[in-house]
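Below: one structure, written as structure tokens.
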Amino acid sequence: MNSFIALVLFYAATGTAIAVYARKRGFKDDADYYIAGRNVGGIISALTYAATTYSAFMMVGLVGLSYASGVGAYGFEMFYLVGTLMLLSYYAPKIWRMSREYNAVSPAELVGKRFGEKTAMAIAIVSLIALIPYTSSQLIGVSLILEKMAGISFYTGLAISAILIALWAFIGGLRGVAWTDALQGVIMLLAAFMAIGYVFSLNPGFAGEVAELGDLMQVPNKIWSPQLFIKLTVPWFFFALTNPQVFQRLFIPKDERALKRMVVYFGVFGLIYTIVVTLIGLNLRVMAVKGMFPLIKDRDMVMPALLSIMPEWMALIIALSILAAAITTANSIILSLSSMVSRDMFKNQFAGRASIVVLTIAVALFASTRPSYIVELSVMSSSLLLSTLPLVIALVHTEYRRGIEALVAGFIVAVAASKAGLWYGGVLTLVTGFAVLIAVNKLKRI
């Protein structure tokens, strides 16, 4: 049997056992199932936040983006990290307290406590639509790795990853996902160190040879124009408040001390992981210039190509870390969407649980078309979700009581801008949403 297939089978059995154990403890209510009873410690909260955030996007998407476009990829990802830490330092304590005050389980439910049930349903629908591309990018990342390492077809890989996502989310709820996230977060970081150690052992003179990359070590350059940087980074900057799977993570710490530890530990994890992953891609590009590594046009295939030349034991561990990161991110997204189906759309537990299967099938079908690169798919989702930002920001300002108009207007602009490929689409979405929010609330007071 292929060694990687054996490792995947062991991983699948272990993950299923954890999910079954989590289920055996029982789920008293939706809060227990979807947010682990609001009783998660700081370290586990940080690791589950990191594992949910850093997915196939990093070790497949960002390695490839760094390889293809140079140091601008580092700036792009650091812009996200800085933005996330700024937003969390101010908004996380407020959102944590509000989620408990209102007994909110889903992100849409929390917004709906202020702006009404129709607005909550609208946010749920927007999230369902917007997160299909991002979730599909996780399945694509897993399937590319399975195709390269296990010798199975891309579509078989999709089926395997979809089954694991639906099974673990359905059985174990967030408690099961959080427990596996803690282990997977450690594996992700160790695997990244293994990868960078191996790459630098092949080309230890990287620091002195980086000038060979020319304008790829500058921003702007022929790839990273100011327009592209704005297009990609504006949605990414606000990721922590617009993407429901991480927004919902703010509900789970057991106390404010655990919440603060979550933010600090995530920041440390994110800084180290971003630097390591970017350096892997840059060094591989230097090696390609020197003829030591192939020139690859499809940047999502850079990491699979690296795995193919590594010692087998190392490639197995790194490939498993990528698979685990992607699976847990997709688990978290599907669970978050399911909570909105259950709490905000149908107000029915059975509908929420059933939606886990339905949503996973929809995502797998979308992923099977492989419509774009992993990074672009991820940013596409965040671009559409920018339409929810005005309402999230308005949560901490009590003078705002109407918001559905701002959400609808922002989403229409986001879809139109994405379809037209406008580089300033994110800015236009935010300006539209905030302008409409302010206008309708002023009219109400008049």
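Going through the structure tokens in order, the chains are called A, B, and so on, while each chain numbers its residues from 1 and the ligands are numbered from 1 in the order shown.
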
Compile the contact shell of region 73-87 of chain A as a count of residues only: residues with an atom at most 8 Å away, counting only C-alpha atoms, same-chain residues fewer than 2 positions apart removed. 26

May I have a table of the residues of region 157-239 of chain A lying at most 10 Å from region 281-291 of chain A, giving each one's closest pair of atoms and their distance in Å to one decimal, counting only C-alpha atoms, ordered by chain and ascending residue number, as CSV?
```
residue,atom,partner,partner_atom,distance
A:Ile196,CA,A:Asn283,CA,8.9
A:Val199,CA,A:Asn283,CA,7.1
A:Phe200,CA,A:Asn283,CA,7.5
A:Leu202,CA,A:Met287,CA,8.6
A:Asn203,CA,A:Met287,CA,7.0
A:Pro204,CA,A:Asn283,CA,9.3
A:Gly205,CA,A:Asn283,CA,9.4
A:Phe206,CA,A:Asn283,CA,6.2
A:Ala207,CA,A:Asn283,CA,8.9
A:Glu209,CA,A:Val286,CA,7.2
A:Val210,CA,A:Val286,CA,6.5
A:Ala211,CA,A:Val286,CA,8.9
A:Glu212,CA,A:Val286,CA,6.9
A:Leu213,CA,A:Val286,CA,6.5
A:Leu216,CA,A:Leu282,CA,9.2
A:Met217,CA,A:Leu282,CA,9.1
```

What would the file look like if the residues just selected were written as a compact mmCIF listing (two decimals), in the first residue's frame with C-alpha atoms?
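Below is the file that was written, result_22.txt:
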```txt
# COMPACT_ATOMS: atom_id res chain seq x y z
CA ILE A 196 12.10 25.45 5.15
CA VAL A 199 14.76 23.89 1.10
CA PHE A 200 17.60 25.85 2.73
CA LEU A 202 19.43 22.45 -0.84
CA ASN A 203 20.25 26.12 -1.33
CA PRO A 204 21.97 27.54 1.77
CA GLY A 205 23.24 30.58 -0.14
CA PHE A 206 19.75 32.04 -0.59
CA ALA A 207 20.49 35.29 1.26
CA GLU A 209 21.54 35.06 -4.22
CA VAL A 210 18.15 36.69 -3.65
CA ALA A 211 19.17 39.59 -5.92
CA GLU A 212 18.81 37.14 -8.83
CA LEU A 213 15.05 37.50 -8.49
CA LEU A 216 10.34 40.22 -7.71
CA MET A 217 12.09 41.51 -4.59
```

Could you tell me which of A:Ala162, A:Ile252, A:Val358, A:Ala394 comes closest to Asn331 (chain A) if we count only C-alpha atoms?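 With only C-alpha atoms as the atom set, the closest residue is A:Ala162.
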
Please provide the set of residues having any atom within 8 Å of Leu407 (chain A), restricted to only C-alpha atoms, with same-chain residues fewer than 4 positions apart removed, written as JSON, numbers by chain. {"A": [122, 123, 387, 388, 390, 391, 403, 411, 433]}

Residues of the last selection are to be written out with all heavy atoms, as a PDB file, in the first residue's frame.
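Saved as selection12.pdb:
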```pdb
ATOM      1  N   ALA A 122     -30.518  37.452   6.053  1.00  0.00           N
ATOM      2  CA  ALA A 122     -29.799  37.974   4.887  1.00  0.00           C
ATOM      3  C   ALA A 122     -28.298  37.719   5.008  1.00  0.00           C
ATOM      4  O   ALA A 122     -27.637  37.338   4.026  1.00  0.00           O
ATOM      5  CB  ALA A 122     -30.074  39.470   4.724  1.00  0.00           C
ATOM      6  N   ILE A 123     -27.750  37.914   6.198  1.00  0.00           N
ATOM      7  CA  ILE A 123     -26.325  37.637   6.408  1.00  0.00           C
ATOM      8  C   ILE A 123     -26.031  36.158   6.213  1.00  0.00           C
ATOM      9  O   ILE A 123     -25.011  35.773   5.630  1.00  0.00           O
ATOM     10  CB  ILE A 123     -25.882  38.102   7.815  1.00  0.00           C
ATOM     11  CG1 ILE A 123     -25.771  39.620   7.843  1.00  0.00           C
ATOM     12  CG2 ILE A 123     -24.561  37.463   8.219  1.00  0.00           C
ATOM     13  CD1 ILE A 123     -25.247  40.180   9.134  1.00  0.00           C
ATOM     14  N   SER A 387     -19.369  43.009   2.400  1.00  0.00           N
ATOM     15  CA  SER A 387     -20.688  43.646   2.515  1.00  0.00           C
ATOM     16  C   SER A 387     -21.261  43.538   3.922  1.00  0.00           C
ATOM     17  O   SER A 387     -22.162  44.301   4.306  1.00  0.00           O
ATOM     18  CB  SER A 387     -21.657  43.025   1.508  1.00  0.00           C
ATOM     19  OG  SER A 387     -21.790  41.621   1.712  1.00  0.00           O
ATOM     20  N   THR A 388     -20.747  42.593   4.735  1.00  0.00           N
ATOM     21  CA  THR A 388     -21.248  42.435   6.111  1.00  0.00           C
ATOM     22  C   THR A 388     -20.518  43.334   7.100  1.00  0.00           C
ATOM     23  O   THR A 388     -20.983  43.506   8.230  1.00  0.00           O
ATOM     24  CB  THR A 388     -21.101  40.978   6.583  1.00  0.00           C
ATOM     25  OG1 THR A 388     -19.703  40.647   6.716  1.00  0.00           O
ATOM     26  CG2 THR A 388     -21.741  40.010   5.602  1.00  0.00           C
ATOM     27  N   PRO A 390     -20.009  46.681   7.527  1.00  0.00           N
ATOM     28  CA  PRO A 390     -20.674  47.822   8.173  1.00  0.00           C
ATOM     29  C   PRO A 390     -21.577  47.410   9.340  1.00  0.00           C
ATOM     30  O   PRO A 390     -21.613  48.093  10.369  1.00  0.00           O
ATOM     31  CB  PRO A 390     -21.491  48.442   7.027  1.00  0.00           C
ATOM     32  CG  PRO A 390     -20.709  48.109   5.801  1.00  0.00           C
ATOM     33  CD  PRO A 390     -20.177  46.722   6.059  1.00  0.00           C
ATOM     34  N   LEU A 391     -22.272  46.282   9.215  1.00  0.00           N
ATOM     35  CA  LEU A 391     -23.155  45.841  10.295  1.00  0.00           C
ATOM     36  C   LEU A 391     -22.363  45.350  11.500  1.00  0.00           C
ATOM     37  O   LEU A 391     -22.760  45.569  12.642  1.00  0.00           O
ATOM     38  CB  LEU A 391     -24.086  44.737   9.805  1.00  0.00           C
ATOM     39  CG  LEU A 391     -25.020  45.084   8.640  1.00  0.00           C
ATOM     40  CD1 LEU A 391     -26.034  43.982   8.439  1.00  0.00           C
ATOM     41  CD2 LEU A 391     -25.720  46.404   8.886  1.00  0.00           C
ATOM     42  N   GLY A 403     -30.075  48.001   9.197  1.00  0.00           N
ATOM     43  CA  GLY A 403     -28.855  47.625   8.495  1.00  0.00           C
ATOM     44  C   GLY A 403     -29.023  46.769   7.264  1.00  0.00           C
ATOM     45  O   GLY A 403     -28.090  46.629   6.476  1.00  0.00           O
ATOM     46  N   PHE A 411     -23.619  44.039  -0.939  1.00  0.00           N
ATOM     47  CA  PHE A 411     -23.452  42.741  -1.597  1.00  0.00           C
ATOM     48  C   PHE A 411     -23.642  42.863  -3.111  1.00  0.00           C
ATOM     49  O   PHE A 411     -22.894  42.251  -3.884  1.00  0.00           O
ATOM     50  CB  PHE A 411     -24.441  41.729  -1.021  1.00  0.00           C
ATOM     51  CG  PHE A 411     -24.250  40.332  -1.545  1.00  0.00           C
ATOM     52  CD1 PHE A 411     -23.114  39.613  -1.227  1.00  0.00           C
ATOM     53  CD2 PHE A 411     -25.202  39.746  -2.363  1.00  0.00           C
ATOM     54  CE1 PHE A 411     -22.921  38.321  -1.711  1.00  0.00           C
ATOM     55  CE2 PHE A 411     -25.026  38.462  -2.847  1.00  0.00           C
ATOM     56  CZ  PHE A 411     -23.882  37.746  -2.525  1.00  0.00           C
ATOM     57  N   GLY A 433     -21.627  50.354   1.429  1.00  0.00           N
ATOM     58  CA  GLY A 433     -22.264  49.816   2.627  1.00  0.00           C
ATOM     59  C   GLY A 433     -22.349  50.820   3.754  1.00  0.00           C
ATOM     60  O   GLY A 433     -23.412  50.997   4.371  1.00  0.00           O
TER      61      GLY A 433
END
```

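Note that the spacing between CA of Leu395 (chain A) and CA of Ala46 (chain A) amounts to 23.9 Å.
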
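Of the listed residues A:Pro294, A:Gly141, A:Gly157, A:Gly72, the one whose atoms come nearest to Ile223 (chain A) is A:Gly72, with distances taken using only C-alpha atoms.
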
With only C-alpha atoms as the basis for distance, which of A:Ala50, A:Ala68, A:Val363, A:Val234 is at the shortest distance from Leu389 (chain A)? A:Val234
